[in-house]
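Engineer: Sharing a structure here in structure tokens format.
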Amino acid sequence: MLLILLTVYPILNLIGMSVSTIGFQAAREVWSFTPARNFQDLIDDDIFRTALWNTLVFAVVAVTIEIVLGLTLAILVASVSRFKGLVRTVLIVPILMPPVAIGSMWKLMYSLDFGVLNQIVTSFGLQPVNWLGSTLLALFSIIIVDVWHWTPFVFLILFAAVEGLPKEVIEAARIDGARNRELVFKIIIPLMKPALAVAVLFRIILAFKVFDEVFLLTSGGPGTSTEVVSLHLYKVFFEQNQMGYGALLSLAIIAATIAFLWVGQRAASAVGAR
Amino acid sequence: MKRYDLVPGLLGAAAGAIFAASPAVAADSFMDVGKQAPITILINASPWYNGFESVVNLYEEQTGNKVNLDVTPFPGMLEKGRSAVRDPSKSPYDLININSTWTIEFYKGGFLDPMQDVDPNFQVPKEVLTLGDAGCWDDAKQFRTCKTGKLMGYAPNGNVELFYYRKDVFDQKGLKVPVTFDDVLANCKVLQDPPKSYGYLQRGEKGDSIYYDWMAYMLSYGAQDVKDAENGDFTVTINSPQAKAALDKYIEIGHKCGPANAGTLGQGDLIQLIQTGKGMQAQGVVAAFPNFDNPQKSAVVGKIYASVLPRATADGHPGAAIGSWVFGIPKNASAEGKKGAIAFSKWFLTYKAQYAYAEGGGIPVRGDVFDSDLKKQDKFRWMQAYEDEIPYGKQVFGYAESAQVTNALGLRLNQALIGELTSAQALNKAAEDFYEIFQKSGRKTGKIAPLPE
Amino acid sequence: MLVLRGPTRWLAYLVLAVGVVVIIGPFLWVALQSFKYEIAILQGSWIFTPTWFNYSDVLYSHRSDFPTNVWNSVVVSSLSTFFVLIAGTLAAYSLSRLKWNRWIARTFLGWTLIFNMIPPLTLVGPWYLIFREVGLYETLTGLILAHITLHLPMTIWMMMAYFNEIPKEIEDAARVDGCDRLDVFWRISLPLVTPGLIAAGVLAFVFSWNEFAVALNLTSRASATVPVAIARFAQQYEVQYGQMAAASIVSTIPALILMFFGQRFVVQGLTMGAVK
């Protein structure tokens with residue numbers, strides 16, 4: 001009962017807020033019904049459009065890399081005879097660190113003057129890289145952190161799926177003379193489709209919600225080069241306390257996520273992946 | 001290496017000194033506030049938290065009254081404060097600490113009890129700095145002012161930015177403490193040698209960092225955000241020629257005196273560059289000063305000195321934007337809790353309590369504590385600069401739309417600094433943003449002639 | 001899975017080794033920082049005199065509640081994971097094997113997904129009110145309930161994927177042999193998805209262990225969890241890197257131990273049930 005209340009009430013509340021303007025008077029909320037005004041705000045919101053574009057780029061690039069790496073690692077770990085347990089434990093470590101620590105620590109690693117990454121770069125005699133300060137590189141630098149942070153997540157989901165595959169089917173295919181490449185692309189990946197779908201699904205949802213890394217590393221700068229939707233929402237809904245428009249913005253973000261997933265699924269089935 | 005071995009000894013000695021000192025302080029009588037119900041204070045983890053905690057311990061010891069502290073990470077303060085005051089039943093806190101940039105929301109929404117509604121006898125002692133009227137609110141004018149407004153709270157901590165410089169390097173190179181921004185540029189010609197040393201550090205990170213540091217320029221160059229917010233004239237003046245001069249100077253100094261990532265330099269980066277000895281001159285918060293003298297954190301112990309921020313012209317004034325916190329009493333706190341909060345506040349604002357607070361690492365809010373023997377101590381050598389600068393202190397953006405306005409400004413300034421826009425374009429765009437914001441909120445607003453782009 | 005021979009095998013080990021180094025590298029780097037004074041961290045020095053200062057400050061300083069925070073996290077994460085696994089597995093099995101009305105099943109699954117997309121920022125306000133109303137504010141029970149709600153969707157989806165991987169024929173064969181539905185679930189299907197159960201458990205645990213926004217709002221000093229405590233080191237004017245690094249390292253240890261025993265618990269529980 002409480003669980004239903006916990007999921008239903010916030011969404012109803014969100015929908016109610018999204019068509020209202022909410023002010024406060026004498027410590028009480030004052031709601032007024034202003035759907036047109038909120039939609040006008042959404043249409044006029046240039047930063048939201050930039051943020052949506054950055055989020056899309058971020059989600060597509062980061063999740064693609066993570067799926068490829070996670071899948072490779074999962075199949076390799078399942079195929080080697082030693083170090084399985086060790087590798088799995090090691091791979092859990094990044095997701096165990098609180099995001100605030102990840103953001104702060106990577107900021108230190110990216111530091112222009114003192115960061116370990118630039119120490120490595122300069123030790124090869126190259127110029128120090130302005131990881132977070134260049135508009136071209138900043139989003140890319142955040143993607144690196146995200147890949148480091150979340151590849152283990154993908155790996156865990158996919159590794160369990162590989163281990164759960166019916167061994168008989170794969171043995172049978174091998175006896176039929178299938179090579180490794182064929183095994184992977186013709187047997188293993190098709191069998192793992194449900195798990196791959198779940199990994200992609202939840203990674204995309206999480207990527208659309210990315211916040212701490214961006215907030216701590218660049219605050220969305222320089223300029224608008226790393227402005228993402230959740231950061232914009234944070235400013236509108238939280239800092240500026242525009243609860244009505246902020247709620248509409250979060251519904252727009254949810255709608256964009258759904259639309260993206262739908263298009264992605266359509267595209268995948270069009271090229272015959274599903 | 002040697003230095004690190006000394007640290008535990010030094011710390012021990014310092015701790016010993018504090019413990020030895022406190023009974024002596026305690027021997028004199030503190031204010032008697034009577035028996036009070038226990039109170040809970042929402043307070044942020046910060047460099048001055050230790051000072052505050054030691055004062056609270058002293059209060060408990062002196063009065064026997066219990067104080068619970070909910071120590072909350074800085075990023076969670078606004079959220080917890082909001083949840084508490086919006087709680088329909090009862091606020092879990094009796095005293096909440098609010099960053100001055102957020103105070104308007106709490107004042108305007110009627111979430112706090114005016115101090116004198118709780119206790120008509122409550123007065124902030126006249127020695128306490130008003131810090132740009134941070135704690136007062138005039139509901140009719142919708143503006144922070146003590147002249148006509150009610151007392152909603154008081155600052156437990158007043159933070160301004162000071163000019164920091166490396167005294168050892170200045171002495172060696174025969175440089176003078178700059179008075180104007182042009183002096184800063186002249187000094188930095190000598191000092192700038194990247195990546196070994198940087199001539200002048202100021203924050204450039206998009207958002208609060210850049211707008212707050214640019215205030216030093218804006219206020220000193222005589223530019224204003226709007227014509228007369230106190231009296232309701234919100235004609236946008238952020239794209240005035242003075243503002244452009246301020247922004248051009250800021251950008252020039254950023255490029256000529258800063259690191260290559262000047263456009264993403266945040267608070268942490270800036271302090272890091274000072275503490276590691278690369279920053280030769282800098283604009284930084286006073287709250288950071290104790291770190292410079294802490295051998296665990298700094299390679300420049302005893303070398304950083306403070307002065308008043310630079311100004312636009314030698315006969316002008318520095319632009320000191322105040323960023324304080326404000327203690328306020330939630331309207332929905334319990335009656336005993338409110339009474340206890342007032343009692344604590346009275347005690348906390350006394351000279352003795354503030355003196356102990358400063359000794360424990362806090363930034364006191366009483367002028368007479370700054371005037372005391374403390375500033376003769378080497379570790380409080382920033383106090384003189386603070387005292388000299390605070391008369392120029394201003395609370396900026398004292399209206400309800402401040403968060404929207406500073407978000408917009410924080411982006412436009414950053415775009416100008418990194419070269420996405422020219423300074424004129426950036427300010428014109430900021431003016432457009434401001435204008436729209438004020439129009440939507442129904443203010444009497446207008447525009448001035450845009451800058452030629 | 002694949003049979004790797006000769007050079008391919010060495011290539012596989014090489015790729016794995018590189019992967020492990022890249023993933024563990026930053027973590028080891030953080031661990032290294034936890035033994036430095038802040039100035040050495042800021043300077044990025046490699047030569048320094050190690051110190052326990054950060055650890056003692058995190059664990060023993062009189063203003064530190066870190067041991068309490070770790071204990072709170074242990075309680076919240078283990079219990080919420082336990083309940084999420086039970087509820088999530090049952091729900092997933094029933095959705096994947098029983099004949100639910102398509103419409104109901106889709107609505108339910110869609111709903112869990114959409115719920116997962118809600119920005120936490122907009123969630124915490126309503127939840128604060130609900131938990132104040134039912135008297136669970138500032139309690140670990142409240143936070144456990146919140147985490148179950150947050151992490152159930154992902155567990156259901158993951159477990160569905162793993163159940164769907166099992167060929168239906170295996171179960172049908174067992175049914176023919178006279179097992180009832182419950183027997184099939186307990187003795188056949190569940191053991192087959194053990195790796196999946198472990199992965200889902202690990203992720204539910206990790207997400208609960210790191211959850212910040214809700215924990216911040218529903219707890220006070222006494223019930224705060226590890227991420228809230230660690231965020232205290234990221235202050236307005238200063239990030240206390242040394243203490244933050246030490247706290248991050250300290251907090252991973254109980255989590256790793258718990259997950260290790262949790263895995264063994266799951267594996268043993270299931271092998272007892274399975275027909276061998």
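FYI, nothing fancy with the structure tokens labels: chains A, B, ... in order, residues from 1 per chain, ligands from 1 as they appear.
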What parts of region 119-177 of chain A does DSSP call helix (DSSP H, G or I)? I'd like the answer as a VMD selection string.

Structural biologist: chain A and resid 119 to 123 138 to 163 167 to 175

Engineer: Any idea what's packed within 8 Å of region 395-407 of chain B, counting only C-alpha atoms, ignoring anything in its chain fewer than 4 positions away? Could you give it as a PyMOL selection string?

Structural biologist: (chain A and resi 235-236+239-240) or (chain B and resi 101-102+104-105+108+131-134+142-144+207-208+211+225+229+321-323+411+433-434+437-438)

Engineer: Please produce a file of the residues just selected, as a PDB file, in the first residue's frame, where the atoms kept are C-alpha atoms.

Structural biologist:
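And here's out.pdb as it stands now:
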```
ATOM      1  CA  LYS A 235      18.641  25.129 -11.534  1.00  0.00           C
ATOM      2  CA  VAL A 236      15.019  25.706 -12.471  1.00  0.00           C
ATOM      3  CA  GLU A 239      17.762  26.766  -7.179  1.00  0.00           C
ATOM      4  CA  GLN A 240      15.184  29.060  -8.741  1.00  0.00           C
TER       5      GLN A 240
ATOM      6  CA  THR B 101      21.403  34.089  -1.558  1.00  0.00           C
ATOM      7  CA  TRP B 102      18.438  31.923  -0.559  1.00  0.00           C
ATOM      8  CA  ILE B 104      14.543  36.019   0.112  1.00  0.00           C
ATOM      9  CA  GLU B 105      12.583  32.848  -0.571  1.00  0.00           C
ATOM     10  CA  LYS B 108       9.005  36.395   1.291  1.00  0.00           C
ATOM     11  CA  LEU B 131      26.524  42.630   6.636  1.00  0.00           C
ATOM     12  CA  GLY B 132      24.465  44.561   4.122  1.00  0.00           C
ATOM     13  CA  ASP B 133      21.204  44.069   6.027  1.00  0.00           C
ATOM     14  CA  ALA B 134      21.247  40.354   5.350  1.00  0.00           C
ATOM     15  CA  GLN B 142       9.896  43.265  -0.981  1.00  0.00           C
ATOM     16  CA  PHE B 143      13.478  44.168  -0.181  1.00  0.00           C
ATOM     17  CA  ARG B 144      16.198  43.365   2.339  1.00  0.00           C
ATOM     18  CA  GLY B 207      27.498  29.811 -12.415  1.00  0.00           C
ATOM     19  CA  ASP B 208      27.862  31.246  -8.947  1.00  0.00           C
ATOM     20  CA  TYR B 211      29.189  36.017 -11.125  1.00  0.00           C
ATOM     21  CA  ASP B 225      22.035  45.110 -12.183  1.00  0.00           C
ATOM     22  CA  ALA B 229      15.329  47.540  -6.794  1.00  0.00           C
ATOM     23  CA  ALA B 321      29.969  41.466  -2.318  1.00  0.00           C
ATOM     24  CA  ILE B 322      28.961  39.831   0.923  1.00  0.00           C
ATOM     25  CA  GLY B 323      28.041  36.196   1.045  1.00  0.00           C
ATOM     26  CA  LEU B 411      26.315  31.770 -17.950  1.00  0.00           C
ATOM     27  CA  ASP B 433      17.501  37.495 -19.936  1.00  0.00           C
ATOM     28  CA  PHE B 434      16.952  39.806 -16.965  1.00  0.00           C
ATOM     29  CA  ILE B 437      12.612  37.336 -16.016  1.00  0.00           C
ATOM     30  CA  PHE B 438      11.303  40.603 -14.567  1.00  0.00           C
TER      31      PHE B 438
END
```

Engineer: Could you make a table, as a tab-separated table, of the residues of chain B that have an atom within 6 Å of an atom of chain A, each with its nearest atom pair and distance in Å to one decimal, counting only C-alpha atoms, in chain and number order?

Structural biologist:
```
residue	atom	partner	partner_atom	distance
B:Gly109	CA	A:Phe24	CA	4.7
B:Gly110	CA	A:Ala26	CA	4.3
B:Phe111	CA	A:Ala27	CA	4.7
B:Lys206	CA	A:Gly221	CA	5.5
B:Asn261	CA	A:Gly133	CA	4.8
B:Thr264	CA	A:Gly133	CA	5.4
B:Ala403	CA	A:Gln240	CA	5.0
B:Gln404	CA	A:Gln240	CA	5.6
B:Asn414	CA	A:Gly223	CA	5.8
B:Gln415	CA	A:Gly223	CA	4.8
```

Engineer: With a distance threshold of 7 Å and counting only C-alpha atoms, extract the residues of chain C near chain B and express them as JSON, numbers by chain.

Structural biologist: {"C": [37, 38, 39, 42, 43, 49, 216, 217, 220, 221, 231, 232, 235, 236, 237, 238, 239]}

Engineer: Keeping only C-alpha atoms, write those residues as a PDB file, in the first residue's frame.

Structural biologist:
```
ATOM      1  CA  TYR C  37      48.204  15.139   3.849  1.00  0.00           C
ATOM      2  CA  GLU C  38      46.108  17.494   1.810  1.00  0.00           C
ATOM      3  CA  ILE C  39      49.020  19.535   0.531  1.00  0.00           C
ATOM      4  CA  LEU C  42      46.966  19.087  -4.034  1.00  0.00           C
ATOM      5  CA  GLN C  43      50.502  19.088  -5.365  1.00  0.00           C
ATOM      6  CA  THR C  49      55.489  10.418   4.039  1.00  0.00           C
ATOM      7  CA  LEU C 216      19.801  13.157   2.744  1.00  0.00           C
ATOM      8  CA  ASN C 217      16.197  14.232   3.043  1.00  0.00           C
ATOM      9  CA  SER C 220      19.040  13.269  10.447  1.00  0.00           C
ATOM     10  CA  ARG C 221      22.430  13.141  12.080  1.00  0.00           C
ATOM     11  CA  ALA C 231      29.244  14.663   1.029  1.00  0.00           C
ATOM     12  CA  ARG C 232      30.092  16.593   4.194  1.00  0.00           C
ATOM     13  CA  GLN C 235      32.136  21.899   1.463  1.00  0.00           C
ATOM     14  CA  GLN C 236      31.284  25.324   0.243  1.00  0.00           C
ATOM     15  CA  TYR C 237      34.851  26.593   0.123  1.00  0.00           C
ATOM     16  CA  GLU C 238      36.908  23.468   0.269  1.00  0.00           C
ATOM     17  CA  VAL C 239      36.854  19.816  -0.628  1.00  0.00           C
TER      18      VAL C 239
END
```

Engineer: With a distance cut-off of 8 Å and only C-alpha atoms, select the neighbouring residues of Leu192 (chain C), excluding the residue or stretch itself and same-chain residues fewer than 4 positions from it, and output the selection as a CSV table (one decimal) with N, CA and C atoms, in the first residue's frame.

Structural biologist:
```
chain,number,residue,atom,x,y,z
A,164,GLY,N,24.5,-17.6,-17.5
A,164,GLY,CA,23.2,-18.3,-17.4
A,164,GLY,C,22.8,-19.0,-18.8
C,166,ILE,N,16.0,-18.8,-19.9
C,166,ILE,CA,15.8,-20.3,-19.7
C,166,ILE,C,14.8,-20.8,-20.7
C,188,ILE,N,14.1,-25.7,-10.1
C,188,ILE,CA,14.7,-25.7,-11.5
C,188,ILE,C,15.0,-24.3,-11.9
```

Engineer: Write out as a PyMOL selection string each polymer residue whose atoms come within 9 Å of region 10-24 of chain C, counting only C-alpha atoms; drop sequence neighbours fewer than 5 positions from it.

Structural biologist: (chain A and resi 69+73+76-77+79-80+87+90-91+93-94+148-149+152) or (chain C and resi 4-5+29)

Engineer: So that I can check the surroundings of Thr235 (chain B), please list as a list in words every protein, DNA and RNA residue that reaches within 12 Å of it, counting only C-alpha atoms and ignoring chain neighbours fewer than 3 positions away.

Structural biologist: Gln224, Asp225, Val226, Lys227, Asp228, Ala229, Asn231, Gly232, Ile238, Asn239, Ser240, Ala431, Glu432, Phe434, Tyr435, Glu436, Ile437, Phe438, Gln439, Arg443, Lys444, Thr445, Gly446, Lys447, Ile448 and Ala449 of chain B

Engineer: Show which residues sit within 9 Å of region 278-281 of chain B, as an NGL selection string. Count only C-alpha atoms, and ignore same-chain residues fewer than 5 positions away.

Structural biologist: :B and (163-167 or 169-170 or 184 or 187-188 or 191-192 or 194-201 or 258 or 270-273 or 304)

Engineer: Find, counting only C-alpha atoms, the residue in A:Ile189, A:Leu137, A:Ile47, A:Ala270 that gets nearest to chain C.

Structural biologist: A:Ile189

Engineer: Can you measure CA of Glu66 (chain A) to CA of Leu158 (chain A) for me? One decimal in Å is fine.

Structural biologist: 11.3 Å

Engineer: Need to verify the contact set: Ile198 (chain C), 10 Å, only C-alpha atoms, exclusion of same-chain residues closer than 6 positions in sequence. Can you return it as a ChimeraX atom specification?

Structural biologist: /A:156-157,160 /C:85,204,259,262-267

Engineer: Only N, CA and C atoms, please: the residues just picked out, written as a short mmCIF file (atom, residue, chain, number, x, y, z; two decimals), in the first residue's frame.

Structural biologist:
```cif
data_model
loop_
_atom_site.label_atom_id
_atom_site.label_comp_id
_atom_site.auth_asym_id
_atom_site.auth_seq_id
_atom_site.Cartn_x
_atom_site.Cartn_y
_atom_site.Cartn_z
N LEU A 156 28.30 -6.45 -15.06
CA LEU A 156 27.64 -7.34 -14.10
C LEU A 156 26.37 -7.93 -14.67
N ILE A 157 25.57 -7.08 -15.33
CA ILE A 157 24.32 -7.58 -15.90
C ILE A 157 24.61 -8.61 -16.99
N ALA A 160 26.31 -12.09 -15.84
CA ALA A 160 25.33 -13.03 -15.30
C ALA A 160 24.56 -13.69 -16.43
N LEU C 85 15.20 -8.29 -3.58
CA LEU C 85 15.46 -9.54 -4.30
C LEU C 85 14.25 -10.46 -4.23
N ALA C 204 21.42 -3.95 -6.62
CA ALA C 204 20.48 -3.34 -5.67
C ALA C 204 21.24 -2.85 -4.45
N MET C 259 28.84 -8.16 0.42
CA MET C 259 28.44 -8.73 -0.86
C MET C 259 29.02 -10.13 -1.03
N GLY C 262 26.91 -12.31 1.10
CA GLY C 262 25.59 -12.36 0.49
C GLY C 262 25.57 -13.34 -0.67
N GLN C 263 26.62 -13.29 -1.49
CA GLN C 263 26.69 -14.20 -2.63
C GLN C 263 26.72 -15.65 -2.18
N ARG C 264 27.54 -15.93 -1.16
CA ARG C 264 27.65 -17.31 -0.70
C ARG C 264 26.31 -17.77 -0.14
N PHE C 265 25.66 -16.85 0.55
CA PHE C 265 24.35 -17.17 1.14
C PHE C 265 23.37 -17.56 0.04
N VAL C 266 23.36 -16.76 -1.01
CA VAL C 266 22.44 -17.04 -2.12
C VAL C 266 22.78 -18.37 -2.78
N VAL C 267 24.07 -18.56 -3.06
CA VAL C 267 24.48 -19.78 -3.76
C VAL C 267 24.15 -21.01 -2.94
#
```

Engineer: As an exercise, work out the distance from CA of Glu161 (chain B) to CA of Ala320 (chain B) in Å and give it to one decimal place.

Structural biologist: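 Atom-to-atom, CA of Glu161 (chain B) and CA of Ala320 (chain B) are spaced 6.8 Å apart.
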
Engineer: In Å to one decimal, how far is CA of Val55 (chain B) from CA of Thr350 (chain B)?

Structural biologist: 11.4 Å

Engineer: Find, counting only C-alpha atoms, the residue in C:Asn69, C:Thr155, C:Thr107, C:Ser248 that gets nearest to chain A.

Structural biologist: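 That would be C:Ser248, the residue with the smallest distance to chain A.
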
Engineer: Would you list, as number ranges by chain, the residues of region 34-154 of chain B that end up in strand (DSSP E) under DSSP run on this structure's backbone?

Structural biologist: B: 39-44, 67-72, 95-99, 136-137, 150-151, 153-154

Engineer: Store the residues of this selection in a file with C-alpha atoms, as a compact mmCIF listing (two decimals), in the first residue's frame.

Structural biologist:
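Produced file again-v1.txt, reproduced below:
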```
# COMPACT_ATOMS: atom_id res chain seq x y z
CA ILE B 39 16.87 23.03 20.55
CA THR B 40 17.99 21.61 17.21
CA ILE B 41 20.03 23.69 14.77
CA LEU B 42 20.43 22.95 11.07
CA ILE B 43 24.05 23.81 10.31
CA ASN B 44 26.38 23.13 7.41
CA VAL B 67 21.69 21.99 21.65
CA ASN B 68 21.49 19.34 18.92
CA LEU B 69 23.34 20.05 15.71
CA ASP B 70 22.24 18.49 12.43
CA VAL B 71 25.47 18.83 10.49
CA THR B 72 24.47 18.71 6.84
CA LEU B 95 17.07 27.51 14.20
CA ILE B 96 18.09 27.09 10.58
CA ASN B 97 21.12 28.41 8.81
CA ILE B 98 20.30 29.87 5.40
CA ASN B 99 22.77 31.04 2.78
CA CYS B 136 16.12 42.22 7.53
CA TRP B 137 13.09 42.10 5.28
CA LYS B 150 11.68 43.55 10.23
CA LEU B 151 14.50 41.58 11.78
CA GLY B 153 17.53 36.71 11.49
CA TYR B 154 21.17 37.52 11.95
```
